[in-house]
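Structure below is upload_7.cif: mmCIF, C-alpha atoms.
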data_model
loop_
_atom_site.group_PDB
_atom_site.id
_atom_site.type_symbol
_atom_site.label_atom_id
_atom_site.label_comp_id
_atom_site.auth_asym_id
_atom_site.auth_seq_id
_atom_site.Cartn_x
_atom_site.Cartn_y
_atom_site.Cartn_z
ATOM 1 C CA MET X 1 0.000 0.000 0.000
ATOM 2 C CA ASN X 2 1.580 3.249 -1.149
ATOM 3 C CA TYR X 3 0.721 6.703 0.152
ATOM 4 C CA TYR X 4 1.233 10.124 -1.413
ATOM 5 C CA GLY X 5 3.042 11.300 1.701
ATOM 6 C CA GLU X 6 3.492 10.142 5.260
ATOM 7 C CA GLY X 7 0.260 8.163 5.287
ATOM 8 C CA ILE X 8 -1.592 7.091 8.411
ATOM 9 C CA THR X 9 1.151 6.007 10.788
ATOM 10 C CA TYR X 10 -0.484 3.112 12.608
ATOM 11 C CA LEU X 11 -1.922 1.659 9.380
ATOM 12 C CA LYS X 12 1.262 1.721 7.311
ATOM 13 C CA LYS X 13 2.000 -1.957 7.872
ATOM 14 C CA VAL X 14 -1.502 -3.179 7.074
ATOM 15 C CA GLU X 15 -1.350 -5.656 4.192
ATOM 16 C CA THR X 16 -3.923 -5.088 1.470
ATOM 17 C CA LYS X 17 -5.217 -7.741 -0.917
ATOM 18 C CA GLY X 18 -7.875 -5.663 -2.636
ATOM 19 C CA SER X 19 -7.844 -2.979 -5.331
ATOM 20 C CA LEU X 20 -8.754 0.692 -5.185
ATOM 21 C CA ILE X 21 -10.361 1.993 -8.382
ATOM 22 C CA VAL X 22 -11.341 5.663 -8.662
ATOM 23 C CA LEU X 23 -13.858 7.238 -11.004
ATOM 24 C CA GLU X 24 -13.615 11.018 -11.142
ATOM 25 C CA GLY X 25 -15.756 13.508 -13.004
ATOM 26 C CA PRO X 26 -17.986 16.549 -12.447
ATOM 27 C CA ASP X 27 -21.670 16.492 -11.563
ATOM 28 C CA GLY X 28 -23.595 15.294 -14.608
ATOM 29 C CA SER X 29 -20.707 13.264 -16.025
ATOM 30 C CA GLY X 30 -22.406 9.927 -15.288
ATOM 31 C CA ARG X 31 -20.082 8.796 -12.504
ATOM 32 C CA SER X 32 -22.734 7.311 -10.224
ATOM 33 C CA THR X 33 -24.397 5.452 -13.101
ATOM 34 C CA GLN X 34 -21.078 3.961 -14.130
ATOM 35 C CA ILE X 35 -20.215 3.008 -10.536
ATOM 36 C CA ASP X 36 -23.524 1.127 -10.282
ATOM 37 C CA MET X 37 -22.960 -0.689 -13.579
ATOM 38 C CA ILE X 38 -19.360 -1.592 -12.764
ATOM 39 C CA THR X 39 -20.367 -2.829 -9.299
ATOM 40 C CA THR X 40 -23.028 -5.100 -10.785
ATOM 41 C CA LYS X 41 -20.592 -6.537 -13.339
ATOM 42 C CA LEU X 42 -17.772 -7.118 -10.842
ATOM 43 C CA GLU X 43 -20.077 -8.786 -8.336
ATOM 44 C CA ALA X 44 -21.427 -11.036 -11.083
ATOM 45 C CA ASP X 45 -17.824 -11.974 -11.837
ATOM 46 C CA GLY X 46 -17.327 -13.014 -8.222
ATOM 47 C CA HIS X 47 -15.608 -9.953 -6.771
ATOM 48 C CA ALA X 48 -16.495 -8.520 -3.383
ATOM 49 C CA VAL X 49 -17.160 -4.822 -4.004
ATOM 50 C CA ILE X 50 -17.663 -1.809 -1.747
ATOM 51 C CA THR X 51 -18.223 1.791 -2.818
ATOM 52 C CA THR X 52 -17.193 5.073 -1.264
ATOM 53 C CA GLY X 53 -17.353 8.743 -2.194
ATOM 54 C CA LEU X 54 -17.314 12.309 -0.950
ATOM 55 C CA LYS X 55 -19.516 13.454 1.951
ATOM 56 C CA ARG X 56 -20.221 9.872 3.074
ATOM 57 C CA SER X 57 -18.376 9.875 6.386
ATOM 58 C CA GLU X 58 -20.589 9.073 9.379
ATOM 59 C CA LEU X 59 -18.417 11.462 11.386
ATOM 60 C CA ILE X 60 -18.633 14.577 9.246
ATOM 61 C CA GLY X 61 -20.549 13.959 6.013
ATOM 62 C CA ALA X 62 -23.815 15.430 7.306
ATOM 63 C CA GLY X 63 -21.917 18.363 8.808
ATOM 64 C CA ILE X 64 -20.537 19.349 5.410
ATOM 65 C CA LEU X 65 -23.992 19.460 3.882
ATOM 66 C CA GLU X 66 -25.385 21.477 6.795
ATOM 67 C CA ALA X 67 -22.516 23.971 6.722
ATOM 68 C CA LYS X 68 -22.759 24.462 2.955
ATOM 69 C CA HIS X 69 -26.497 25.151 3.182
ATOM 70 C CA LYS X 70 -26.237 27.615 6.038
ATOM 71 C CA LEU X 71 -23.467 29.944 4.902
ATOM 72 C CA PRO X 72 -20.678 30.398 2.361
ATOM 73 C CA LEU X 73 -17.569 28.589 3.593
ATOM 74 C CA GLY X 74 -14.034 29.940 3.303
ATOM 75 C CA LYS X 75 -11.773 28.270 0.735
ATOM 76 C CA LYS X 76 -9.534 26.454 3.198
ATOM 77 C CA THR X 77 -12.395 25.745 5.592
ATOM 78 C CA LEU X 78 -14.213 23.947 2.773
ATOM 79 C CA ALA X 79 -11.044 22.036 1.839
ATOM 80 C CA LEU X 80 -10.425 20.966 5.442
ATOM 81 C CA PHE X 81 -14.046 19.854 5.894
ATOM 82 C CA TYR X 82 -13.724 17.522 2.904
ATOM 83 C CA ALA X 83 -10.265 16.337 3.985
ATOM 84 C CA ALA X 84 -11.681 15.301 7.377
ATOM 85 C CA ASP X 85 -14.551 13.469 5.649
ATOM 86 C CA PHE X 86 -12.098 11.672 3.364
ATOM 87 C CA ALA X 87 -9.706 10.758 6.186
ATOM 88 C CA ASP X 88 -12.496 9.228 8.270
ATOM 89 C CA GLN X 89 -13.657 7.045 5.380
ATOM 90 C CA LEU X 90 -10.108 6.063 4.458
ATOM 91 C CA GLU X 91 -9.305 4.919 7.975
ATOM 92 C CA HIS X 92 -12.559 3.173 8.837
ATOM 93 C CA LYS X 93 -13.893 1.967 5.499
ATOM 94 C CA VAL X 94 -11.416 1.957 2.606
ATOM 95 C CA ILE X 95 -8.311 0.473 4.247
ATOM 96 C CA PRO X 96 -10.245 -2.260 6.129
ATOM 97 C CA ALA X 97 -12.002 -3.207 2.871
ATOM 98 C CA LEU X 98 -8.716 -3.380 0.976
ATOM 99 C CA HIS X 99 -7.233 -5.478 3.767
ATOM 100 C CA ALA X 100 -10.180 -7.890 3.411
ATOM 101 C CA GLY X 101 -9.632 -8.203 -0.340
ATOM 102 C CA TYR X 102 -12.488 -6.056 -1.634
ATOM 103 C CA VAL X 103 -12.502 -4.066 -4.842
ATOM 104 C CA VAL X 104 -13.142 -0.538 -3.580
ATOM 105 C CA LEU X 105 -14.869 1.726 -6.118
ATOM 106 C CA ALA X 106 -14.474 5.395 -5.225
ATOM 107 C CA ASP X 107 -17.036 7.795 -6.626
ATOM 108 C CA ARG X 108 -14.537 10.702 -6.649
ATOM 109 C CA TYR X 109 -11.337 10.885 -4.626
ATOM 110 C CA ILE X 110 -8.780 13.489 -3.546
ATOM 111 C CA TYR X 111 -8.248 14.730 -7.115
ATOM 112 C CA THR X 112 -11.641 16.460 -7.247
ATOM 113 C CA LEU X 113 -10.886 18.079 -3.899
ATOM 114 C CA MET X 114 -7.477 19.286 -5.087
ATOM 115 C CA ALA X 115 -8.907 20.581 -8.368
ATOM 116 C CA ARG X 116 -11.632 22.515 -6.539
ATOM 117 C CA SER X 117 -9.076 24.058 -4.198
ATOM 118 C CA SER X 118 -6.765 25.071 -7.048
ATOM 119 C CA VAL X 119 -9.599 26.754 -8.942
ATOM 120 C CA ARG X 120 -10.334 28.691 -5.748
ATOM 121 C CA GLY X 121 -6.755 29.932 -5.553
ATOM 122 C CA ILE X 122 -5.258 27.497 -3.059
ATOM 123 C CA SER X 123 -1.778 26.332 -4.045
ATOM 124 C CA ARG X 124 -1.424 22.849 -5.544
ATOM 125 C CA SER X 125 1.463 22.066 -3.197
ATOM 126 C CA TRP X 126 -0.724 22.860 -0.148
ATOM 127 C CA SER X 127 -3.407 20.468 -1.386
ATOM 128 C CA HIS X 128 -0.898 17.733 -2.195
ATOM 129 C CA ASP X 129 0.608 18.016 1.278
ATOM 130 C CA LEU X 130 -2.854 18.063 2.884
ATOM 131 C CA PHE X 131 -3.659 14.698 1.315
ATOM 132 C CA GLY X 132 -0.317 13.085 2.069
ATOM 133 C CA PHE X 133 -2.236 10.496 4.118
ATOM 134 C CA ALA X 134 -4.126 9.283 1.014
ATOM 135 C CA ILE X 135 -3.499 5.882 -0.572
ATOM 136 C CA GLN X 136 -2.372 5.821 -4.189
ATOM 137 C CA PRO X 137 -5.180 4.073 -6.137
ATOM 138 C CA ASP X 138 -4.572 1.237 -8.575
ATOM 139 C CA LEU X 139 -6.640 2.858 -11.336
ATOM 140 C CA VAL X 140 -7.959 6.408 -11.749
ATOM 141 C CA PHE X 141 -10.371 7.458 -14.503
ATOM 142 C CA TYR X 142 -11.744 10.927 -15.247
ATOM 143 C CA LEU X 143 -15.020 11.265 -17.138
ATOM 144 C CA ASP X 144 -14.499 14.303 -19.335
ATOM 145 C CA VAL X 145 -17.686 16.035 -20.520
ATOM 146 C CA PRO X 146 -17.857 19.511 -22.144
ATOM 147 C CA PRO X 147 -19.129 22.136 -19.650
ATOM 148 C CA VAL X 148 -22.100 23.205 -21.763
ATOM 149 C CA GLU X 149 -23.240 19.574 -22.015
ATOM 150 C CA LEU X 150 -22.787 19.256 -18.238
ATOM 151 C CA PHE X 151 -24.975 22.308 -17.708
ATOM 152 C CA HIS X 152 -27.838 20.769 -19.676
ATOM 153 C CA ARG X 153 -27.475 17.404 -17.910
ATOM 154 C CA VAL X 154 -27.390 18.933 -14.426
ATOM 155 C CA PHE X 155 -30.250 21.331 -15.046
ATOM 156 C CA GLN X 156 -32.355 18.577 -16.595
ATOM 157 C CA LYS X 157 -31.752 16.313 -13.599
ATOM 158 C CA TYR X 158 -32.024 18.786 -10.718
ATOM 159 C CA GLY X 159 -33.757 21.839 -12.196
ATOM 160 C CA THR X 160 -31.139 24.041 -10.524
ATOM 161 C CA LEU X 161 -27.380 24.514 -10.168
ATOM 162 C CA ASP X 162 -25.311 23.880 -7.043
ATOM 163 C CA TYR X 163 -23.844 27.064 -5.541
ATOM 164 C CA TYR X 164 -20.330 25.673 -5.137
ATOM 165 C CA GLU X 165 -20.285 23.485 -8.266
ATOM 166 C CA SER X 166 -21.083 26.636 -10.235
ATOM 167 C CA GLY X 167 -18.215 28.574 -8.685
ATOM 168 C CA ALA X 168 -20.692 31.156 -7.375
ATOM 169 C CA ASP X 169 -18.693 31.484 -4.151
ATOM 170 C CA ILE X 170 -15.645 32.866 -5.989
ATOM 171 C CA GLY X 171 -17.345 35.482 -8.147
ATOM 172 C CA LEU X 172 -16.479 34.172 -11.605
ATOM 173 C CA SER X 173 -19.525 35.849 -13.159
ATOM 174 C CA ASP X 174 -22.847 37.403 -12.186
ATOM 175 C CA ASP X 175 -24.465 35.106 -14.759
ATOM 176 C CA LEU X 176 -24.903 31.640 -13.206
ATOM 177 C CA PHE X 177 -24.636 29.804 -16.532
ATOM 178 C CA GLU X 178 -21.390 31.574 -17.409
ATOM 179 C CA SER X 179 -20.064 31.018 -13.892
ATOM 180 C CA PHE X 180 -20.872 27.291 -14.136
ATOM 181 C CA VAL X 181 -19.106 26.959 -17.507
ATOM 182 C CA LEU X 182 -16.027 28.904 -16.363
ATOM 183 C CA TYR X 183 -15.799 26.887 -13.161
ATOM 184 C CA GLN X 184 -16.123 23.533 -14.923
ATOM 185 C CA LYS X 185 -13.517 24.582 -17.498
ATOM 186 C CA GLY X 186 -11.187 25.393 -14.607
ATOM 187 C CA ILE X 187 -11.794 21.991 -13.008
ATOM 188 C CA ALA X 188 -11.167 20.207 -16.319
ATOM 189 C CA LYS X 189 -7.913 22.149 -16.753
ATOM 190 C CA GLU X 190 -6.729 21.076 -13.298
ATOM 191 C CA PHE X 191 -7.409 17.435 -14.146
ATOM 192 C CA ARG X 192 -5.370 17.741 -17.339
ATOM 193 C CA LEU X 193 -2.510 19.153 -15.276
ATOM 194 C CA MET X 194 -2.769 16.239 -12.832
ATOM 195 C CA GLU X 195 -2.920 13.448 -15.430
ATOM 196 C CA ALA X 196 0.781 12.620 -15.640
ATOM 197 C CA LYS X 197 1.591 13.147 -11.948
ATOM 198 C CA TYR X 198 -1.253 11.019 -10.597
ATOM 199 C CA GLY X 199 -1.780 8.551 -13.445
ATOM 200 C CA ILE X 200 -5.269 9.816 -14.259
ATOM 201 C CA VAL X 201 -6.755 8.295 -17.437
ATOM 202 C CA PRO X 202 -9.169 10.627 -19.273
ATOM 203 C CA ILE X 203 -12.330 8.994 -20.591
ATOM 204 C CA ASP X 204 -14.689 10.632 -23.083
ATOM 205 C CA GLY X 205 -17.839 10.917 -20.989
ATOM 206 C CA GLY X 206 -19.843 12.573 -23.756
ATOM 207 C CA ARG X 207 -20.582 9.229 -25.398
ATOM 208 C CA PRO X 208 -23.652 7.054 -24.723
ATOM 209 C CA VAL X 209 -23.713 5.473 -21.265
ATOM 210 C CA ALA X 210 -23.300 1.909 -22.585
ATOM 211 C CA GLU X 211 -20.299 2.880 -24.714
ATOM 212 C CA VAL X 212 -18.565 4.588 -21.798
ATOM 213 C CA ASN X 213 -19.265 1.551 -19.630
ATOM 214 C CA VAL X 214 -17.729 -0.875 -22.136
ATOM 215 C CA ASP X 215 -14.604 1.304 -22.262
ATOM 216 C CA LEU X 216 -14.245 1.469 -18.477
ATOM 217 C CA GLN X 217 -15.099 -2.184 -17.870
ATOM 218 C CA LYS X 218 -12.549 -3.411 -20.411
ATOM 219 C CA ARG X 219 -9.804 -1.431 -18.696
ATOM 220 C CA ILE X 220 -10.837 -2.635 -15.247
ATOM 221 C CA ASP X 221 -11.173 -6.265 -16.342
ATOM 222 C CA SER X 222 -7.746 -6.117 -17.973
ATOM 223 C CA TYR X 223 -6.186 -4.800 -14.768
ATOM 224 C CA LEU X 224 -7.862 -7.383 -12.516
ATOM 225 C CA ALA X 225 -6.896 -10.171 -14.927
ATOM 226 C CA SER X 226 -3.273 -9.028 -14.738
ATOM 227 C CA LEU X 227 -3.395 -9.394 -10.946
ATOM 228 C CA ARG X 228 -4.565 -13.009 -11.244
ATOM 229 C CA ARG X 229 -1.631 -13.811 -13.538
ATOM 230 C CA ARG X 230 0.933 -12.586 -11.038
#
Using structure tokens, write down the structure from this file.
Amino acid sequence: MNYYGEGITYLKKVETKGSLIVLEGPDGSGRSTQIDMITTKLEADGHAVITTGLKRSELIGAGILEAKHKLPLGKKTLALFYAADFADQLEHKVIPALHAGYVVLADRYIYTLMARSSVRGISRSWSHDLFGFAIQPDLVFYLDVPPVELFHRVFQKYGTLDYYESGADIGLSDDLFESFVLYQKGIAKEFRLMEAKYGIVPIDGGRPVAEVNVDLQKRIDSYLASLRRR
């Protein structure tokens, strides 16, 4: 098990038999749909699967939602909230599952959190150091969808736009549509900058759901098959 930094001290010697697979992408990119489809396929193939994602910590997940609804959060306050949520899940859910041999499917990981922070003006080095306790995943995919297409998908699904996912808290534009597009372009740029450093594989998420799924599943199956041959 490799970490990006110092890791979690008392868990460093834990042996892991499972695999950590991350699916990144903005709201409206189809992440959750793909996670569900991949989970079904892997379980049918005999794999034990568990999923995780942002804001799902029993310790702090609900607190993030409450804080975001009540008042605008400062840039680093928001980043630290999510880091605490991630750390709690990593320690109590992800690492134990990997130790037990599960395939852990992460619906977003630290890369979304780092991209959001960078777009808000926080240095990339600060974010990297903040998440030095994070495990390096085995596979990382990023569903890339043009911002205008994302806008239509999100608005069709929810009938509104999220305050933070539109970048409204950083004053990109008085027009919410323009702010959303500018913010999502900034996020996509950060992911392109992270590709080589973190081994992120871009996936064209603008294609039909079934086509995207075939692409992802082939890559995942190939990786898991390679583990069996070792």
| Which one of X:Ser118, X:Gly101, X:Tyr142, X:Gln156 sits closest to X:Gly205 if you count only C-alpha atoms? |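 Among the listed residues, X:Tyr142 lies closest to X:Gly205.
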| query | Taking all atoms listed in the file into account, which of X:Asp107, X:Asp169, X:Asp174, X:Glu91 comes nearest X:Ile50? | reply |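 Under the stated criterion, the closest residue is X:Asp107.
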| message | What does the structure give for the distance between atom CA of X:Gln34 and atom CA of X:Glu149, in Å to one decimal? | response | 17.6 Å
Using only C-alpha atoms, find each residue in stretch 110-193 of chain X having at least one atom no more than 7 Å away from stretch 10-22 of chain X; report its shortest atom-to-atom pair and that distance in Å (one decimal), rows by chain then rising number, as CSV.
residue,atom,partner,partner_atom,distance
X:Pro137,CA,X:Leu20,CA,5.0
X:Asp138,CA,X:Leu20,CA,5.4
X:Leu139,CA,X:Ile21,CA,4.8
X:Val140,CA,X:Val22,CA,4.6
X:Phe141,CA,X:Val22,CA,6.2
Include C-alpha atoms and write out the residues we just selected as a PDB file, keeping the file's coordinate frame.
ATOM      1  CA  PRO X 137      -5.180   4.073  -6.137  1.00  0.00           C
ATOM      2  CA  ASP X 138      -4.572   1.237  -8.575  1.00  0.00           C
ATOM      3  CA  LEU X 139      -6.640   2.858 -11.336  1.00  0.00           C
ATOM      4  CA  VAL X 140      -7.959   6.408 -11.749  1.00  0.00           C
ATOM      5  CA  PHE X 141     -10.371   7.458 -14.503  1.00  0.00           C
TER       6      PHE X 141
END
| task | Apply the PyMOL selection byres ((chain X and resi 221) around 12) to the structure shown and report the selected residues as a ChimeraX atom specification. | result | /X:19,21,38,41-42,45,47,103,139,213-220,222-228
| request: Choose the residue, out of X:Asp129, X:Ser29, X:Glu43, X:Glu24, that has the smallest atom-to-atom separation from X:Leu150; count all atoms listed in the file. | output: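 Going through X:Asp129, X:Ser29, X:Glu43, X:Glu24 one by one, the smallest distance to X:Leu150 is for X:Ser29.
The spacing separating atom CA of X:Thr51 from atom CA of X:Ile95 amounts to 12.2 Å.
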Close residues, X:Gly121 itself excluded, 9 Å, only C-alpha atoms, min 4 positions apart in chain, as a PDB file with C-alpha atoms, in the frame of the given file:
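Saved file out38.pdb follows:
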ATOM      1  CA  LYS X  75     -11.773  28.270   0.735  1.00  0.00           C
ATOM      2  CA  ARG X 116     -11.632  22.515  -6.539  1.00  0.00           C
ATOM      3  CA  SER X 117      -9.076  24.058  -4.198  1.00  0.00           C
TER       4      SER X 117
END
| Between atom CA of X:Pro146 and atom CA of X:Val212, what is the distance, to one decimal in Å? | 14.9 Å
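Distances from X:Ile203, X:Leu143, X:Met1, X:Leu182 to X:Arg108 were compared using all atoms listed in the file, and the smallest one belongs to X:Leu143.
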| field | Selected residue, from X:Ala168, X:Thr112, X:Leu54, X:Ala97, that lies nearest to X:Asp85 when counting all atoms listed in the file | value |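 Of X:Ala168, X:Thr112, X:Leu54, X:Ala97, the one nearest X:Asp85 is X:Leu54, counting all atoms listed in the file.
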| said: For a quick check of understanding, using all atoms listed in the file, which of X:Leu78, X:Ala134, X:Ala48, X:Leu161 has the smallest distance to X:Leu105? | reply: X:Ala48
Quick one: what's the axis-aligned box for stretch 152-161 of chain X, all listed atoms, 5 Å on every side, centre and edges in Å to one decimal, as JSON?
{"center_x": -30.6, "center_y": 20.4, "center_z": -14.9, "size_x": 16.4, "size_y": 18.2, "size_z": 19.5}
| Test item: the PyMOL selection byres ((chain X and resi 79) around 9) resolved as a PyMOL selection string | chain X and resi 74-78+80-84+113-114+116-117+127
| Selection: 12 Å around X:Glu178, only C-alpha atoms, excl. self and same-chain fewer than 4 positions, as an NGL selection string | :X and (147-148 or 151 or 161 or 166-168 or 171-174 or 182-185)
| request: Would you mind listing what lies within 6 Å of X:Gly132 as a ChimeraX atom specification, with all atoms listed in the file counted and same-chain residues fewer than 6 positions away left out? | output: /X:4-7
| task | Mind checking which residues fall within 9 Å of stretch 86-89 of chain X, counting only C-alpha atoms, ignoring those fewer than 3 positions away in the same chain, and posting them as a VMD selection string? | result | chain X and resid 52 to 60 81 to 83 92 to 95 109 to 110 131 133 to 134
Complete stretch 84-99 of chain X with N, CA and C atoms (output as a PDB file, in the frame of the given file).
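Output (part_15.pdb):
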ATOM      1  N   ALA X  84     -11.297  16.053   6.175  1.00  0.00           N
ATOM      2  CA  ALA X  84     -11.681  15.301   7.377  1.00  0.00           C
ATOM      3  C   ALA X  84     -12.651  14.179   7.012  1.00  0.00           C
ATOM      4  N   ASP X  85     -13.598  14.481   6.124  1.00  0.00           N
ATOM      5  CA  ASP X  85     -14.551  13.469   5.649  1.00  0.00           C
ATOM      6  C   ASP X  85     -13.812  12.321   4.963  1.00  0.00           C
ATOM      7  N   PHE X  86     -12.862  12.679   4.098  1.00  0.00           N
ATOM      8  CA  PHE X  86     -12.098  11.672   3.364  1.00  0.00           C
ATOM      9  C   PHE X  86     -11.250  10.826   4.309  1.00  0.00           C
ATOM     10  N   ALA X  87     -10.578  11.482   5.257  1.00  0.00           N
ATOM     11  CA  ALA X  87      -9.706  10.758   6.186  1.00  0.00           C
ATOM     12  C   ALA X  87     -10.485   9.746   7.009  1.00  0.00           C
ATOM     13  N   ASP X  88     -11.680  10.134   7.462  1.00  0.00           N
ATOM     14  CA  ASP X  88     -12.496   9.228   8.270  1.00  0.00           C
ATOM     15  C   ASP X  88     -12.887   7.991   7.465  1.00  0.00           C
ATOM     16  N   GLN X  89     -13.275   8.188   6.222  1.00  0.00           N
ATOM     17  CA  GLN X  89     -13.657   7.045   5.380  1.00  0.00           C
ATOM     18  C   GLN X  89     -12.452   6.174   5.038  1.00  0.00           C
ATOM     19  N   LEU X  90     -11.317   6.813   4.793  1.00  0.00           N
ATOM     20  CA  LEU X  90     -10.108   6.063   4.458  1.00  0.00           C
ATOM     21  C   LEU X  90      -9.718   5.134   5.602  1.00  0.00           C
ATOM     22  N   GLU X  91      -9.736   5.679   6.808  1.00  0.00           N
ATOM     23  CA  GLU X  91      -9.305   4.919   7.975  1.00  0.00           C
ATOM     24  C   GLU X  91     -10.286   3.812   8.355  1.00  0.00           C
ATOM     25  N   HIS X  92     -11.576   4.110   8.299  1.00  0.00           N
ATOM     26  CA  HIS X  92     -12.559   3.173   8.837  1.00  0.00           C
ATOM     27  C   HIS X  92     -13.306   2.348   7.797  1.00  0.00           C
ATOM     28  N   LYS X  93     -13.163   2.692   6.531  1.00  0.00           N
ATOM     29  CA  LYS X  93     -13.893   1.967   5.499  1.00  0.00           C
ATOM     30  C   LYS X  93     -12.988   1.442   4.392  1.00  0.00           C
ATOM     31  N   VAL X  94     -12.199   2.338   3.787  1.00  0.00           N
ATOM     32  CA  VAL X  94     -11.416   1.957   2.606  1.00  0.00           C
ATOM     33  C   VAL X  94     -10.294   0.983   2.949  1.00  0.00           C
ATOM     34  N   ILE X  95      -9.451   1.337   3.909  1.00  0.00           N
ATOM     35  CA  ILE X  95      -8.311   0.473   4.247  1.00  0.00           C
ATOM     36  C   ILE X  95      -8.768  -0.877   4.790  1.00  0.00           C
ATOM     37  N   PRO X  96      -9.753  -0.944   5.695  1.00  0.00           N
ATOM     38  CA  PRO X  96     -10.245  -2.260   6.129  1.00  0.00           C
ATOM     39  C   PRO X  96     -10.782  -3.106   4.970  1.00  0.00           C
ATOM     40  N   ALA X  97     -11.466  -2.465   4.015  1.00  0.00           N
ATOM     41  CA  ALA X  97     -12.002  -3.207   2.871  1.00  0.00           C
ATOM     42  C   ALA X  97     -10.879  -3.736   1.989  1.00  0.00           C
ATOM     43  N   LEU X  98      -9.863  -2.934   1.771  1.00  0.00           N
ATOM     44  CA  LEU X  98      -8.716  -3.380   0.976  1.00  0.00           C
ATOM     45  C   LEU X  98      -7.982  -4.516   1.683  1.00  0.00           C
ATOM     46  N   HIS X  99      -7.874  -4.421   2.977  1.00  0.00           N
ATOM     47  CA  HIS X  99      -7.233  -5.478   3.767  1.00  0.00           C
ATOM     48  C   HIS X  99      -7.998  -6.796   3.620  1.00  0.00           C
TER      49      HIS X  99
END
